[in-house]
file final32.cif (mmCIF, C-alpha atoms)
data_run
loop_
_atom_site.label_atom_id
_atom_site.label_comp_id
_atom_site.auth_asym_id
_atom_site.auth_seq_id
_atom_site.Cartn_x
_atom_site.Cartn_y
_atom_site.Cartn_z
CA MET A 7 114.85 76.55 18.14
CA PHE A 8 118.16 78.18 19.00
CA ALA A 9 119.52 81.06 17.02
CA THR A 10 122.30 80.35 14.58
CA SER A 11 124.10 82.65 12.20
CA GLU A 12 121.75 81.47 9.42
CA ASN A 13 118.41 82.04 11.16
CA ALA A 14 119.16 84.79 13.68
CA SER A 15 117.50 88.15 13.21
CA SER A 16 120.64 89.90 14.43
CA GLN A 17 124.24 89.18 15.35
CA GLY A 18 123.38 90.22 18.93
CA GLU A 19 120.93 87.33 19.19
CA VAL A 20 123.65 84.87 18.21
CA LEU A 21 126.04 86.38 20.77
CA SER A 22 123.42 86.18 23.53
CA GLN A 23 122.86 82.50 22.74
CA ALA A 24 126.61 81.90 22.76
CA ARG A 25 126.91 83.58 26.17
CA PHE A 26 123.98 81.55 27.48
CA PHE A 27 125.53 78.23 26.44
CA SER A 28 128.96 79.31 27.65
CA ARG A 29 127.50 80.04 31.11
CA ARG A 30 125.62 76.75 31.12
CA LEU A 31 128.82 74.87 30.29
CA GLU A 32 130.66 76.71 33.07
CA GLU A 33 127.89 75.84 35.56
CA PHE A 34 127.95 72.21 34.47
CA LEU A 35 131.73 71.91 34.71
CA ALA A 36 132.27 73.94 37.91
CA PRO A 37 131.91 71.07 40.45
CA PHE A 38 134.10 68.78 38.34
CA LEU A 39 136.74 71.47 37.91
CA LEU A 40 136.86 71.87 41.71
CA LEU A 41 137.47 68.12 41.99
CA LEU A 42 140.19 68.28 39.33
CA ASP A 43 141.77 71.27 41.08
CA ARG A 44 142.45 69.07 44.11
CA LEU A 45 144.11 66.41 41.92
CA LEU A 46 145.86 68.28 39.13
CA ASP A 47 147.97 71.35 38.57
CA ARG A 48 145.95 74.55 38.05
CA ARG A 49 147.26 74.88 34.47
CA LEU A 50 145.97 71.41 33.58
CA VAL A 51 142.55 72.25 35.03
CA SER A 52 142.47 75.40 32.92
CA THR A 53 143.45 73.34 29.87
CA PHE A 54 140.63 70.87 30.58
CA SER A 55 138.10 73.71 30.83
CA GLY A 56 139.29 75.25 27.56
CA LEU A 57 139.32 71.85 25.90
CA CYS A 58 135.69 71.24 26.83
CA GLN A 59 134.73 74.65 25.43
CA ALA A 60 136.64 73.97 22.22
CA LEU A 61 135.02 70.56 21.78
CA VAL A 62 131.53 71.97 22.24
CA ARG A 63 132.20 74.97 20.03
CA HIS A 64 133.84 73.09 17.16
CA ARG A 65 132.06 69.73 17.29
CA ASN A 66 131.94 68.24 13.81
CA ARG A 67 130.95 64.60 13.89
CA PRO A 68 131.57 63.70 10.23
CA SER A 69 135.10 65.06 10.03
CA GLY A 70 136.05 65.19 13.72
CA LEU A 71 138.93 67.22 15.07
CA LEU A 72 142.60 66.42 14.92
CA LEU A 73 144.62 66.99 18.06
CA SER A 74 146.66 69.68 16.31
CA GLU A 75 143.46 71.46 15.18
CA LEU A 76 142.14 71.25 18.73
CA GLY A 77 145.37 72.79 19.98
CA GLY A 78 144.86 75.67 17.56
CA VAL A 79 141.32 76.16 18.79
CA LEU A 80 142.42 76.01 22.42
CA LEU A 81 144.87 78.90 22.04
CA SER A 82 145.02 80.39 18.55
CA GLY A 83 146.12 79.36 15.08
CA GLU A 84 149.70 80.57 15.40
CA LYS A 85 150.02 78.95 18.85
CA ALA A 86 148.60 75.58 17.78
CA PRO A 87 151.74 73.60 18.73
CA ALA A 88 151.64 75.05 22.26
CA GLY A 89 147.92 74.23 22.58
CA THR A 90 148.55 70.69 21.37
CA LYS A 91 151.34 70.36 23.93
CA ARG A 92 148.98 71.52 26.70
CA ILE A 93 146.40 68.90 25.73
CA SER A 94 149.13 66.28 25.58
CA ASN A 95 150.35 67.27 29.06
CA LEU A 96 146.82 66.92 30.41
CA LEU A 97 146.29 63.49 28.88
CA ARG A 98 149.73 62.21 29.95
CA SER A 99 149.47 63.49 33.52
CA PRO A 100 149.89 60.57 35.96
CA LYS A 101 147.11 62.02 38.11
CA TRP A 102 144.64 62.21 35.21
CA LEU A 103 142.27 59.32 34.55
CA ALA A 104 139.34 59.24 32.15
CA ARG A 105 137.58 57.30 34.89
CA LEU A 106 137.27 60.60 36.81
CA ILE A 107 134.78 61.87 34.24
CA VAL A 108 132.78 58.63 34.23
CA ASP A 109 132.61 58.57 38.03
CA TYR A 110 131.59 62.23 38.22
CA LEU A 111 128.79 61.83 35.67
CA THR A 112 127.59 58.60 37.31
CA ASP A 113 127.47 60.23 40.74
CA GLY A 114 125.56 63.18 39.29
CA ALA A 115 123.04 60.86 37.65
CA ARG A 116 122.56 58.96 40.92
CA LEU A 117 121.96 62.19 42.83
CA TYR A 118 119.44 63.30 40.21
CA VAL A 119 117.55 60.00 40.38
CA ASP A 120 117.56 60.12 44.20
CA LYS A 121 116.13 63.64 44.04
CA LEU A 122 113.40 62.44 41.67
CA LEU A 123 112.57 59.55 43.99
CA GLU A 124 112.26 61.92 46.97
CA VAL A 125 109.67 64.01 45.14
CA LYS A 126 107.62 60.79 44.74
CA HIS A 127 106.20 61.51 41.31
CA GLY A 128 106.62 57.84 40.55
CA LEU A 129 109.60 56.04 39.18
CA PRO A 130 111.93 58.02 36.92
CA LEU A 131 111.94 56.82 33.33
CA LEU A 132 114.93 56.36 31.10
CA LEU A 133 114.27 57.41 27.53
CA TRP A 134 116.10 55.32 24.99
CA ASP A 135 116.77 57.50 21.98
CA GLU A 136 118.04 54.73 19.70
CA SER A 137 121.40 56.44 19.24
CA VAL A 138 124.21 54.02 18.59
CA GLN A 139 127.93 53.65 18.97
CA GLU A 140 129.93 51.73 16.44
CA LYS A 141 132.34 49.10 17.56
CA THR A 142 135.79 49.59 16.22
CA GLU A 143 137.53 46.83 14.32
CA SER A 144 139.55 46.04 17.46
CA LEU A 145 138.53 43.28 19.83
CA GLN A 146 139.70 45.53 22.70
CA SER A 147 136.56 47.71 22.70
CA GLN A 148 135.04 47.87 26.16
CA GLY A 149 131.47 48.73 27.04
CA LEU A 150 130.08 48.88 23.50
CA CYS A 151 127.30 46.70 22.19
CA ALA A 152 126.13 45.56 18.79
CA VAL A 153 124.01 48.06 16.88
CA ARG A 154 121.80 48.06 13.83
CA SER A 155 124.10 49.20 11.07
CA THR A 156 125.83 47.60 8.14
CA LYS A 157 129.20 47.97 9.82
CA ALA A 158 127.96 46.31 13.00
CA LYS A 159 126.33 43.48 11.01
CA ARG A 160 129.58 42.91 9.14
CA GLN A 161 131.56 42.80 12.37
CA LEU A 162 129.16 40.40 14.07
CA ARG A 163 129.03 37.98 11.15
CA VAL A 164 130.83 34.72 11.93
CA LYS A 165 133.88 34.54 9.75
CA PRO A 166 134.77 31.33 7.93
CA GLY A 167 137.21 29.22 9.87
CA TYR A 168 136.12 30.35 13.34
#
call {"tool": "encode", "arguments": {"input": "final32.cif", "output": "structure tokens"}}
result
Amino acid sequence: MFATSENASSQGEVLSQARFFSRRLEEFLAPFLLLLDRLLDRRLVSTFSGLCQALVRHRNRPSGLLLSELGGVLLSGEKAPAGTKRISNLLRSPKWLARLIVDYLTDGARLYVDKLLEVKHGLPLLLWDESVQEKTESLQSQGLCAVRSTKAKRQLRVKPGY
């Protein structure tokens, strides 16, 4: 189990865990940041890196993060509007596409599977962890499937008149 502020024997243990995960995130993002550096302005690449760190550091699934809160996390509380503007500039950049992330992760997964196949330990297995994504109320949702939840059941129910 990883150290947290509640179960750590010392504050130093928490800081060492934070440094460890920060380095791991940097290692994970480094090849993608090099790709982005060829496509985007250096400031936008820096914003993307900081945004990823902020999302990992302040992930809160039940309440989420507002864009203005994320801007405050990216820079500091008193500079929240500037941080929000940076995120907005990144997302509105004509050279930025969310598809870049999907393609990068897909290529990485293919390389990993190819490496596993070269070792010849048998076929790689995909573990299905039963996690789910909810469809939104919109009919425009792409790539999501029905799940076992009351909200999904309600959305899949045939409505009278259709």
call {"tool": "closest_residue", "arguments": {"input": "final32.cif", "among": "A:Arg65, A:Leu131, A:Trp102, A:Gly83", "to": "Arg44 (chain A)", "atoms": "all atoms listed in the file"}}
result
A:Trp102
call {"tool": "closest_residue", "arguments": {"input": "final32.cif", "among": "A:Arg116, A:Arg49, A:Arg63, A:Arg163", "to": "Gly89 (chain A)", "atoms": "all atoms listed in the file"}}
result
A:Arg49
call {"tool": "atom_distance", "arguments": {"input": "final32.cif", "atom1": "CA of Ile93 (chain A)", "atom2": "CA of Asp43 (chain A)"}}
result
16.2 Å
call {"tool": "closest_residue", "arguments": {"input": "final32.cif", "among": "A:Arg30, A:Phe38, A:Pro87, A:Glu19", "to": "Leu106 (chain A)", "atoms": "only C-alpha atoms"}}
result
A:Phe38
call {"tool": "closest_residue", "arguments": {"input": "final32.cif", "among": "A:Leu111, A:Leu73, A:Val79, A:Val20", "to": "Pro37 (chain A)", "atoms": "all atoms listed in the file"}}
result
A:Leu111
call {"tool": "residues_around", "arguments": {"input": "final32.cif", "residues": "Val62 (chain A)", "least_positions_apart": "2", "cutoff": "12 Å", "atoms": "only C-alpha atoms", "output": "PyMOL selection string"}}
result
chain A and resi 24+27-28+30-32+55-60+64-67+70-71+76+79-80
call {"tool": "atom_distance", "arguments": {"input": "final32.cif", "atom1": "CA of Glu84 (chain A)", "atom2": "CA of Arg48 (chain A)"}}
result
23.7 Å
call {"tool": "axis_aligned_box", "arguments": {"input": "final32.cif", "around": "region 98-111 of chain A", "padding_each_side": "6 Å", "output": "AutoDock Vina command-line options"}}
result
--center_x 139.3 --center_y 60.4 --center_z 34.1 --size_x 33.1 --size_y 18.2 --size_z 20.3
call {"tool": "closest_residue", "arguments": {"input": "final32.cif", "among": "A:Ile107, A:Leu21, A:Ala88, A:Val119", "to": "Leu41 (chain A)", "atoms": "all atoms listed in the file"}}
result
A:Ile107
call {"tool": "atom_distance", "arguments": {"input": "final32.cif", "atom1": "CA of Ser74 (chain A)", "atom2": "CA of Phe26 (chain A)"}}
result
27.9 Å
call {"tool": "closest_residue", "arguments": {"input": "final32.cif", "among": "A:Leu72, A:Arg29, A:Leu96, A:Lys91", "to": "Asp47 (chain A)", "atoms": "only C-alpha atoms"}}
result
A:Leu96
